[in-house]
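File shown here: coords-v2.cif, holding mmCIF, N, CA and C atoms.
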data_coords
loop_
_atom_site.label_atom_id
_atom_site.label_comp_id
_atom_site.auth_asym_id
_atom_site.auth_seq_id
_atom_site.Cartn_x
_atom_site.Cartn_y
_atom_site.Cartn_z
N MET A 174 25.56 69.65 128.56
CA MET A 174 24.16 69.85 128.23
C MET A 174 23.26 69.02 129.12
N ILE A 175 23.70 67.82 129.45
CA ILE A 175 22.97 67.02 130.43
C ILE A 175 23.63 67.32 131.77
N GLU A 176 22.83 67.75 132.72
CA GLU A 176 23.34 68.08 134.04
C GLU A 176 23.42 66.78 134.85
N LEU A 177 24.62 66.28 135.02
CA LEU A 177 24.85 65.06 135.78
C LEU A 177 25.99 65.35 136.75
N SER A 178 25.66 65.44 138.02
CA SER A 178 26.68 65.76 139.01
C SER A 178 27.63 64.58 139.19
N GLU A 179 28.79 64.88 139.76
CA GLU A 179 29.74 63.82 140.07
C GLU A 179 29.12 62.84 141.07
N ALA A 180 28.33 63.36 142.00
CA ALA A 180 27.67 62.51 142.99
C ALA A 180 26.71 61.53 142.31
N ALA A 181 25.96 61.99 141.31
CA ALA A 181 25.04 61.10 140.59
C ALA A 181 25.82 60.04 139.81
N ALA A 182 26.93 60.42 139.21
CA ALA A 182 27.76 59.45 138.50
C ALA A 182 28.31 58.40 139.47
N ILE A 183 28.75 58.85 140.64
CA ILE A 183 29.24 57.92 141.66
C ILE A 183 28.12 56.98 142.09
N ALA A 184 26.93 57.52 142.29
CA ALA A 184 25.78 56.71 142.72
C ALA A 184 25.46 55.62 141.70
N ILE A 185 25.46 55.98 140.43
CA ILE A 185 25.15 55.00 139.38
C ILE A 185 26.21 53.90 139.37
N HIS A 186 27.48 54.29 139.41
CA HIS A 186 28.55 53.29 139.40
C HIS A 186 28.50 52.41 140.65
N ALA A 187 28.24 53.02 141.80
CA ALA A 187 28.19 52.24 143.05
C ALA A 187 27.04 51.24 143.04
N THR A 188 25.87 51.65 142.56
CA THR A 188 24.73 50.72 142.55
C THR A 188 24.94 49.59 141.56
N VAL A 189 25.54 49.89 140.42
CA VAL A 189 25.83 48.82 139.45
C VAL A 189 26.86 47.86 140.05
N PHE A 190 27.88 48.41 140.72
CA PHE A 190 28.87 47.56 141.38
C PHE A 190 28.21 46.66 142.42
N LEU A 191 27.33 47.23 143.23
CA LEU A 191 26.64 46.43 144.26
C LEU A 191 25.76 45.35 143.63
N SER A 192 25.15 45.66 142.50
CA SER A 192 24.32 44.67 141.81
C SER A 192 25.17 43.50 141.31
N ARG A 193 26.35 43.81 140.82
CA ARG A 193 27.23 42.77 140.28
C ARG A 193 27.93 41.97 141.39
N ASN A 194 27.94 42.50 142.59
CA ASN A 194 28.61 41.85 143.72
C ASN A 194 27.63 41.66 144.87
N ALA A 195 26.48 41.10 144.54
CA ALA A 195 25.37 41.01 145.50
C ALA A 195 25.47 39.84 146.47
N GLN A 196 26.49 38.99 146.33
CA GLN A 196 26.57 37.82 147.19
C GLN A 196 26.82 38.17 148.65
N GLU A 197 27.41 39.34 148.93
CA GLU A 197 27.64 39.78 150.31
C GLU A 197 27.78 41.30 150.34
N PRO A 198 27.53 41.92 151.50
CA PRO A 198 27.69 43.37 151.60
C PRO A 198 29.12 43.79 151.23
N GLN A 199 29.23 44.94 150.60
CA GLN A 199 30.53 45.43 150.14
C GLN A 199 30.96 46.62 151.00
N SER A 200 32.22 46.64 151.39
CA SER A 200 32.72 47.72 152.24
C SER A 200 32.82 49.02 151.45
N LEU A 201 32.79 50.11 152.18
CA LEU A 201 32.95 51.43 151.58
C LEU A 201 34.26 51.49 150.81
N LYS A 202 35.30 50.96 151.40
CA LYS A 202 36.63 50.97 150.77
C LYS A 202 36.63 50.22 149.44
N THR A 203 35.98 49.06 149.41
CA THR A 203 35.91 48.25 148.18
C THR A 203 35.12 48.96 147.10
N ILE A 204 33.99 49.55 147.48
CA ILE A 204 33.17 50.25 146.49
C ILE A 204 33.93 51.46 145.94
N ALA A 205 34.58 52.21 146.82
CA ALA A 205 35.34 53.39 146.40
C ALA A 205 36.47 53.00 145.45
N ALA A 206 37.16 51.91 145.76
CA ALA A 206 38.27 51.45 144.91
C ALA A 206 37.77 51.01 143.53
N SER A 207 36.57 50.46 143.47
CA SER A 207 36.05 49.96 142.19
C SER A 207 35.86 51.08 141.17
N SER A 208 35.61 52.29 141.64
CA SER A 208 35.42 53.42 140.72
C SER A 208 36.48 54.50 140.90
N ASP A 209 37.46 54.23 141.75
CA ASP A 209 38.53 55.19 142.03
C ASP A 209 37.97 56.55 142.46
N VAL A 210 37.12 56.52 143.49
CA VAL A 210 36.52 57.75 144.02
C VAL A 210 36.86 57.88 145.50
N SER A 211 36.71 59.07 146.01
CA SER A 211 36.97 59.37 147.40
C SER A 211 35.99 58.62 148.30
N GLU A 212 36.50 58.01 149.36
CA GLU A 212 35.64 57.33 150.32
C GLU A 212 34.70 58.32 151.00
N ASN A 213 35.19 59.53 151.27
CA ASN A 213 34.34 60.55 151.91
C ASN A 213 33.17 60.92 151.01
N HIS A 214 33.45 61.17 149.73
CA HIS A 214 32.37 61.54 148.81
C HIS A 214 31.40 60.38 148.63
N LEU A 215 31.94 59.18 148.49
CA LEU A 215 31.10 57.99 148.34
C LEU A 215 30.21 57.80 149.57
N SER A 216 30.75 58.03 150.74
CA SER A 216 29.98 57.88 151.97
C SER A 216 28.75 58.79 151.96
N LYS A 217 28.93 60.03 151.52
CA LYS A 217 27.80 60.97 151.45
C LYS A 217 26.77 60.52 150.42
N VAL A 218 27.26 60.01 149.30
CA VAL A 218 26.36 59.51 148.25
C VAL A 218 25.57 58.31 148.76
N LEU A 219 26.24 57.39 149.43
CA LEU A 219 25.57 56.20 149.95
C LEU A 219 24.54 56.56 151.02
N GLN A 220 24.80 57.59 151.79
CA GLN A 220 23.82 58.05 152.78
C GLN A 220 22.54 58.52 152.10
N LYS A 221 22.69 59.26 150.99
CA LYS A 221 21.51 59.71 150.23
C LYS A 221 20.77 58.52 149.63
N LEU A 222 21.53 57.56 149.10
CA LEU A 222 20.90 56.37 148.52
C LEU A 222 20.18 55.55 149.58
N ALA A 223 20.74 55.49 150.78
CA ALA A 223 20.08 54.77 151.87
C ALA A 223 18.80 55.48 152.28
N LYS A 224 18.84 56.80 152.33
CA LYS A 224 17.65 57.58 152.67
C LYS A 224 16.53 57.36 151.65
N ALA A 225 16.92 57.15 150.38
CA ALA A 225 15.96 56.91 149.31
C ALA A 225 15.52 55.44 149.24
N GLY A 226 16.11 54.58 150.08
CA GLY A 226 15.73 53.18 150.09
C GLY A 226 16.37 52.34 149.00
N ILE A 227 17.42 52.85 148.39
CA ILE A 227 18.09 52.14 147.29
C ILE A 227 19.16 51.20 147.81
N VAL A 228 19.89 51.64 148.84
CA VAL A 228 20.89 50.78 149.47
C VAL A 228 20.59 50.68 150.95
N ALA A 229 21.17 49.68 151.58
CA ALA A 229 21.10 49.51 153.03
C ALA A 229 22.48 49.07 153.48
N SER A 230 22.70 49.09 154.77
CA SER A 230 24.02 48.71 155.27
C SER A 230 23.90 47.74 156.43
N VAL A 231 24.98 47.01 156.62
CA VAL A 231 25.12 46.07 157.72
C VAL A 231 26.38 46.51 158.47
N LYS A 232 26.27 46.66 159.78
CA LYS A 232 27.43 47.05 160.58
C LYS A 232 28.23 45.82 160.98
N GLY A 233 29.48 46.06 161.33
CA GLY A 233 30.33 44.98 161.82
C GLY A 233 31.46 44.65 160.88
N PRO A 234 32.34 43.72 161.30
CA PRO A 234 33.53 43.41 160.52
C PRO A 234 33.22 42.82 159.13
N LYS A 235 32.12 42.14 159.00
CA LYS A 235 31.74 41.59 157.68
C LYS A 235 30.61 42.40 157.07
N GLY A 236 30.44 43.62 157.56
CA GLY A 236 29.36 44.48 157.09
C GLY A 236 29.73 45.22 155.83
N GLY A 237 28.82 46.08 155.45
CA GLY A 237 29.02 46.88 154.25
C GLY A 237 27.67 47.28 153.69
N TYR A 238 27.67 47.64 152.43
CA TYR A 238 26.47 48.12 151.76
C TYR A 238 25.98 47.08 150.77
N TYR A 239 24.65 47.09 150.58
CA TYR A 239 24.04 46.21 149.59
C TYR A 239 22.81 46.90 149.03
N LEU A 240 22.39 46.46 147.84
CA LEU A 240 21.16 47.00 147.23
C LEU A 240 19.96 46.40 147.92
N THR A 241 18.95 47.21 148.13
CA THR A 241 17.69 46.68 148.65
C THR A 241 17.03 45.87 147.53
N ASP A 242 16.13 44.98 147.90
CA ASP A 242 15.46 44.15 146.90
C ASP A 242 14.72 45.01 145.87
N ALA A 243 14.05 46.06 146.34
CA ALA A 243 13.30 46.93 145.43
C ALA A 243 14.21 47.66 144.45
N ALA A 244 15.42 47.95 144.87
CA ALA A 244 16.34 48.73 144.03
C ALA A 244 16.94 47.91 142.89
N ARG A 245 16.92 46.62 143.00
CA ARG A 245 17.55 45.80 141.95
C ARG A 245 16.94 46.08 140.58
N THR A 246 15.65 46.35 140.55
CA THR A 246 15.00 46.63 139.27
C THR A 246 14.70 48.12 139.09
N ALA A 247 15.31 48.95 139.92
CA ALA A 247 15.14 50.39 139.77
C ALA A 247 15.87 50.87 138.52
N THR A 248 15.34 51.91 137.92
CA THR A 248 15.99 52.46 136.73
C THR A 248 17.16 53.37 137.13
N LEU A 249 18.01 53.64 136.17
CA LEU A 249 19.11 54.57 136.42
C LEU A 249 18.56 55.96 136.76
N MET A 250 17.40 56.31 136.22
CA MET A 250 16.79 57.60 136.53
C MET A 250 16.42 57.67 138.01
N THR A 251 15.98 56.57 138.58
CA THR A 251 15.65 56.53 140.00
C THR A 251 16.89 56.88 140.84
N VAL A 252 18.02 56.32 140.47
CA VAL A 252 19.27 56.58 141.19
C VAL A 252 19.68 58.04 140.98
N TYR A 253 19.64 58.49 139.74
CA TYR A 253 19.98 59.89 139.42
C TYR A 253 19.14 60.85 140.26
N GLU A 254 17.84 60.66 140.27
CA GLU A 254 16.94 61.58 140.96
C GLU A 254 17.07 61.49 142.48
N ALA A 255 17.52 60.36 143.01
CA ALA A 255 17.77 60.25 144.44
C ALA A 255 18.92 61.17 144.86
N ILE A 256 19.80 61.46 143.94
CA ILE A 256 20.97 62.31 144.23
C ILE A 256 20.74 63.75 143.78
N ASP A 257 20.34 63.94 142.54
CA ASP A 257 20.24 65.28 141.96
C ASP A 257 18.84 65.88 141.95
N GLY A 258 17.85 65.12 142.40
CA GLY A 258 16.48 65.62 142.36
C GLY A 258 15.88 65.38 140.99
N PRO A 259 14.64 65.81 140.80
CA PRO A 259 13.96 65.57 139.52
C PRO A 259 14.76 66.11 138.32
N TRP A 260 14.81 65.29 137.29
CA TRP A 260 15.55 65.68 136.09
C TRP A 260 14.79 66.77 135.35
N LYS A 261 15.51 67.80 134.94
CA LYS A 261 14.93 68.90 134.17
C LYS A 261 15.69 69.03 132.86
N PRO A 262 15.05 68.68 131.75
CA PRO A 262 15.76 68.81 130.47
C PRO A 262 16.03 70.27 130.13
N ARG A 263 17.15 70.50 129.47
CA ARG A 263 17.48 71.85 129.02
C ARG A 263 17.01 72.00 127.58
N HIS A 264 16.42 73.15 127.30
CA HIS A 264 15.93 73.42 125.95
C HIS A 264 16.65 74.58 125.29
N CYS A 265 17.59 75.17 126.01
CA CYS A 265 18.32 76.31 125.48
C CYS A 265 19.71 76.33 126.10
N LEU A 266 20.69 76.76 125.32
CA LEU A 266 22.06 76.83 125.82
C LEU A 266 22.30 78.07 126.68
N PHE A 267 21.42 79.06 126.60
CA PHE A 267 21.59 80.26 127.42
C PHE A 267 21.21 79.94 128.86
N ASN A 268 21.96 80.52 129.79
CA ASN A 268 21.64 80.37 131.21
C ASN A 268 20.87 81.58 131.68
N GLY A 269 20.07 81.40 132.71
CA GLY A 269 19.35 82.53 133.31
C GLY A 269 18.10 82.88 132.55
N PRO A 270 17.33 83.81 133.11
CA PRO A 270 16.07 84.21 132.48
C PRO A 270 16.32 85.01 131.19
N ARG A 271 15.44 84.83 130.23
CA ARG A 271 15.54 85.53 128.95
C ARG A 271 14.37 86.50 128.84
N LYS A 272 14.62 87.68 128.27
CA LYS A 272 13.56 88.68 128.09
C LYS A 272 12.62 88.30 126.96
N ALA A 273 13.15 87.65 125.96
CA ALA A 273 12.34 87.24 124.81
C ALA A 273 12.23 85.71 124.81
N PRO A 274 11.17 85.18 124.21
CA PRO A 274 11.06 83.72 124.13
C PRO A 274 12.27 83.14 123.41
N CYS A 275 12.67 82.00 123.84
CA CYS A 275 13.87 81.38 123.27
C CYS A 275 13.60 80.84 121.86
N CYS A 276 14.49 81.12 121.00
CA CYS A 276 14.43 80.54 119.66
C CYS A 276 15.81 79.95 119.37
N CYS A 277 16.30 79.21 120.31
CA CYS A 277 17.66 78.66 120.29
C CYS A 277 17.90 77.87 119.00
N ALA A 278 18.98 78.22 118.34
CA ALA A 278 19.35 77.54 117.11
C ALA A 278 19.73 76.08 117.37
N MET A 279 20.07 75.79 118.60
CA MET A 279 20.51 74.43 118.96
C MET A 279 19.38 73.58 119.54
N ARG A 280 18.16 74.11 119.57
CA ARG A 280 17.04 73.40 120.19
C ARG A 280 16.82 71.99 119.64
N PRO A 281 16.84 71.75 118.33
CA PRO A 281 16.64 70.38 117.83
C PRO A 281 17.69 69.41 118.37
N MET A 282 18.94 69.85 118.44
CA MET A 282 19.99 68.99 118.97
C MET A 282 19.74 68.72 120.45
N LEU A 283 19.38 69.75 121.22
CA LEU A 283 19.12 69.58 122.65
C LEU A 283 17.94 68.65 122.89
N GLU A 284 16.91 68.76 122.09
CA GLU A 284 15.75 67.88 122.24
C GLU A 284 16.13 66.43 121.99
N GLN A 285 16.99 66.21 121.00
CA GLN A 285 17.44 64.85 120.70
C GLN A 285 18.30 64.31 121.85
N ILE A 286 19.19 65.13 122.39
CA ILE A 286 20.02 64.71 123.51
C ILE A 286 19.14 64.41 124.72
N ASN A 287 18.20 65.29 125.01
CA ASN A 287 17.28 65.07 126.13
C ASN A 287 16.51 63.76 125.98
N ARG A 288 15.99 63.52 124.79
CA ARG A 288 15.21 62.31 124.52
C ARG A 288 16.08 61.06 124.70
N THR A 289 17.30 61.09 124.16
CA THR A 289 18.21 59.95 124.27
C THR A 289 18.57 59.68 125.74
N PHE A 290 18.89 60.75 126.47
CA PHE A 290 19.23 60.61 127.89
C PHE A 290 18.05 60.02 128.66
N TYR A 291 16.88 60.59 128.47
CA TYR A 291 15.69 60.13 129.19
C TYR A 291 15.38 58.66 128.88
N GLU A 292 15.41 58.30 127.62
CA GLU A 292 15.12 56.93 127.23
C GLU A 292 16.13 55.95 127.81
N TYR A 293 17.40 56.33 127.82
CA TYR A 293 18.43 55.46 128.37
C TYR A 293 18.25 55.31 129.88
N MET A 294 18.07 56.43 130.56
CA MET A 294 17.99 56.42 132.03
C MET A 294 16.73 55.72 132.54
N THR A 295 15.63 55.82 131.81
CA THR A 295 14.39 55.17 132.24
C THR A 295 14.27 53.75 131.66
N GLY A 296 15.04 53.44 130.66
CA GLY A 296 14.95 52.14 129.99
C GLY A 296 15.96 51.11 130.48
N HIS A 297 16.85 51.51 131.37
CA HIS A 297 17.86 50.60 131.89
C HIS A 297 17.77 50.49 133.40
N THR A 298 17.76 49.28 133.87
CA THR A 298 17.70 49.04 135.32
C THR A 298 19.09 48.67 135.83
N ILE A 299 19.27 48.86 137.13
CA ILE A 299 20.56 48.60 137.76
C ILE A 299 21.00 47.17 137.52
N ASP A 300 20.09 46.22 137.63
CA ASP A 300 20.45 44.81 137.50
C ASP A 300 20.75 44.36 136.08
N LYS A 301 20.47 45.20 135.08
CA LYS A 301 20.70 44.79 133.69
C LYS A 301 21.99 45.39 133.10
N LEU A 302 22.72 46.16 133.88
CA LEU A 302 23.97 46.76 133.35
C LEU A 302 25.18 45.93 133.75
#
Show me the file's structure as structure tokens.
Amino acid sequence: MIELSEAAAIAIHATVFLSRNAQEPQSLKTIAASSDVSENHLSKVLQKLAKAGIVASVKGPKGGYYLTDAARTATLMTVYEAIDGPWKPRHCLFNGPRKAPCCCAMRPMLEQINRTFYEYMTGHTIDKL
């Protein structure tokens, strides 16, 4: 019901890992091992996060990735949207266009899930997890 791509999940875990290990840049290999994810997939995710200004990298033998200063207090929603784009809550379980207005029997549950997700993602920052 909540659309959260694997890439967004990787991004959230990677940024929290970087926040907890901020004393020095972390290698791609180390970050990937921390969440047991593919280095190739993580590399693509980190490129998007770098483009969004959330992470930066240092080249060389002691190089790696680190959180930018501004990103330390960024919300989880900021990280999510850097990967998946603007969050769009779902209000109906049906997919595709509907001919009649939706009167989804599950709407109250979906609204509660949407509200909980939104509050959690906007109420928690990377540095506080």
Near Ile175 of chain A, within 8 Å and counting all atoms listed in the file, which residues show up once chain neighbours fewer than 6 positions away are dropped, as a list in words?
Lys261, Pro262, Arg263, Ile286, Asn287 and Phe290 of chain A
Pick from A:Leu240, A:Cys277, A:Leu266, A:Ala181: nearest to Asn194 of chain A, with only N, CA and C atoms counted?
A:Leu240
Identify all residues satisfying the PyMOL selection byres ((chain A and resi 248-255) around 7) in the given file; provide them as JSON, numbers by chain.
{"A": [181, 182, 184, 185, 221, 222, 225, 244, 245, 246, 247, 256, 257, 258, 259, 260, 293, 294, 295, 296, 297, 298, 299]}
Contacts of segment 226-236 of chain A at 8 Å or less, counting all atoms listed in the file, minus same-chain residues fewer than 6 places along, as JSON, numbers by chain?
{"A": [188, 197, 198, 199, 200, 201, 219, 220, 242, 243, 244, 245, 252]}
Taking only N, CA and C atoms into account, name the residue in A:Ala205, A:Cys265, A:Ile183, A:Val189 that is nearest to Val218 of chain A.
A:Ile183
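When atom N of Thr289 of chain A is paired with atom N of Ala187 of chain A, their separation reads 22.3 Å.
For the atom pair formed by atom N of Tyr238 of chain A and atom CA of Gln196 of chain A, the distance is 11.2 Å, given to one decimal.
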If you run DSSP on the backbone, which residues of chain A are helix (DSSP H, G or I), as a ChimeraX atom specification?
/A:179-193,201-208,212-224,243-246,249-257,280-296,299-301
To one decimal in Å, tell me the separation between atom N of Leu177 of chain A and atom C of Ala223 of chain A.
21.2 Å
DSSP-assigned strand (DSSP E) members of segment 176-297 of chain A, reported as a ChimeraX atom specification:
/A:228-231,237-240
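The closest residue to Tyr239 of chain A, picked from A:Ile204, A:Val210, A:Leu191, A:Ala278 and counting all atoms listed in the file, is A:Leu191.
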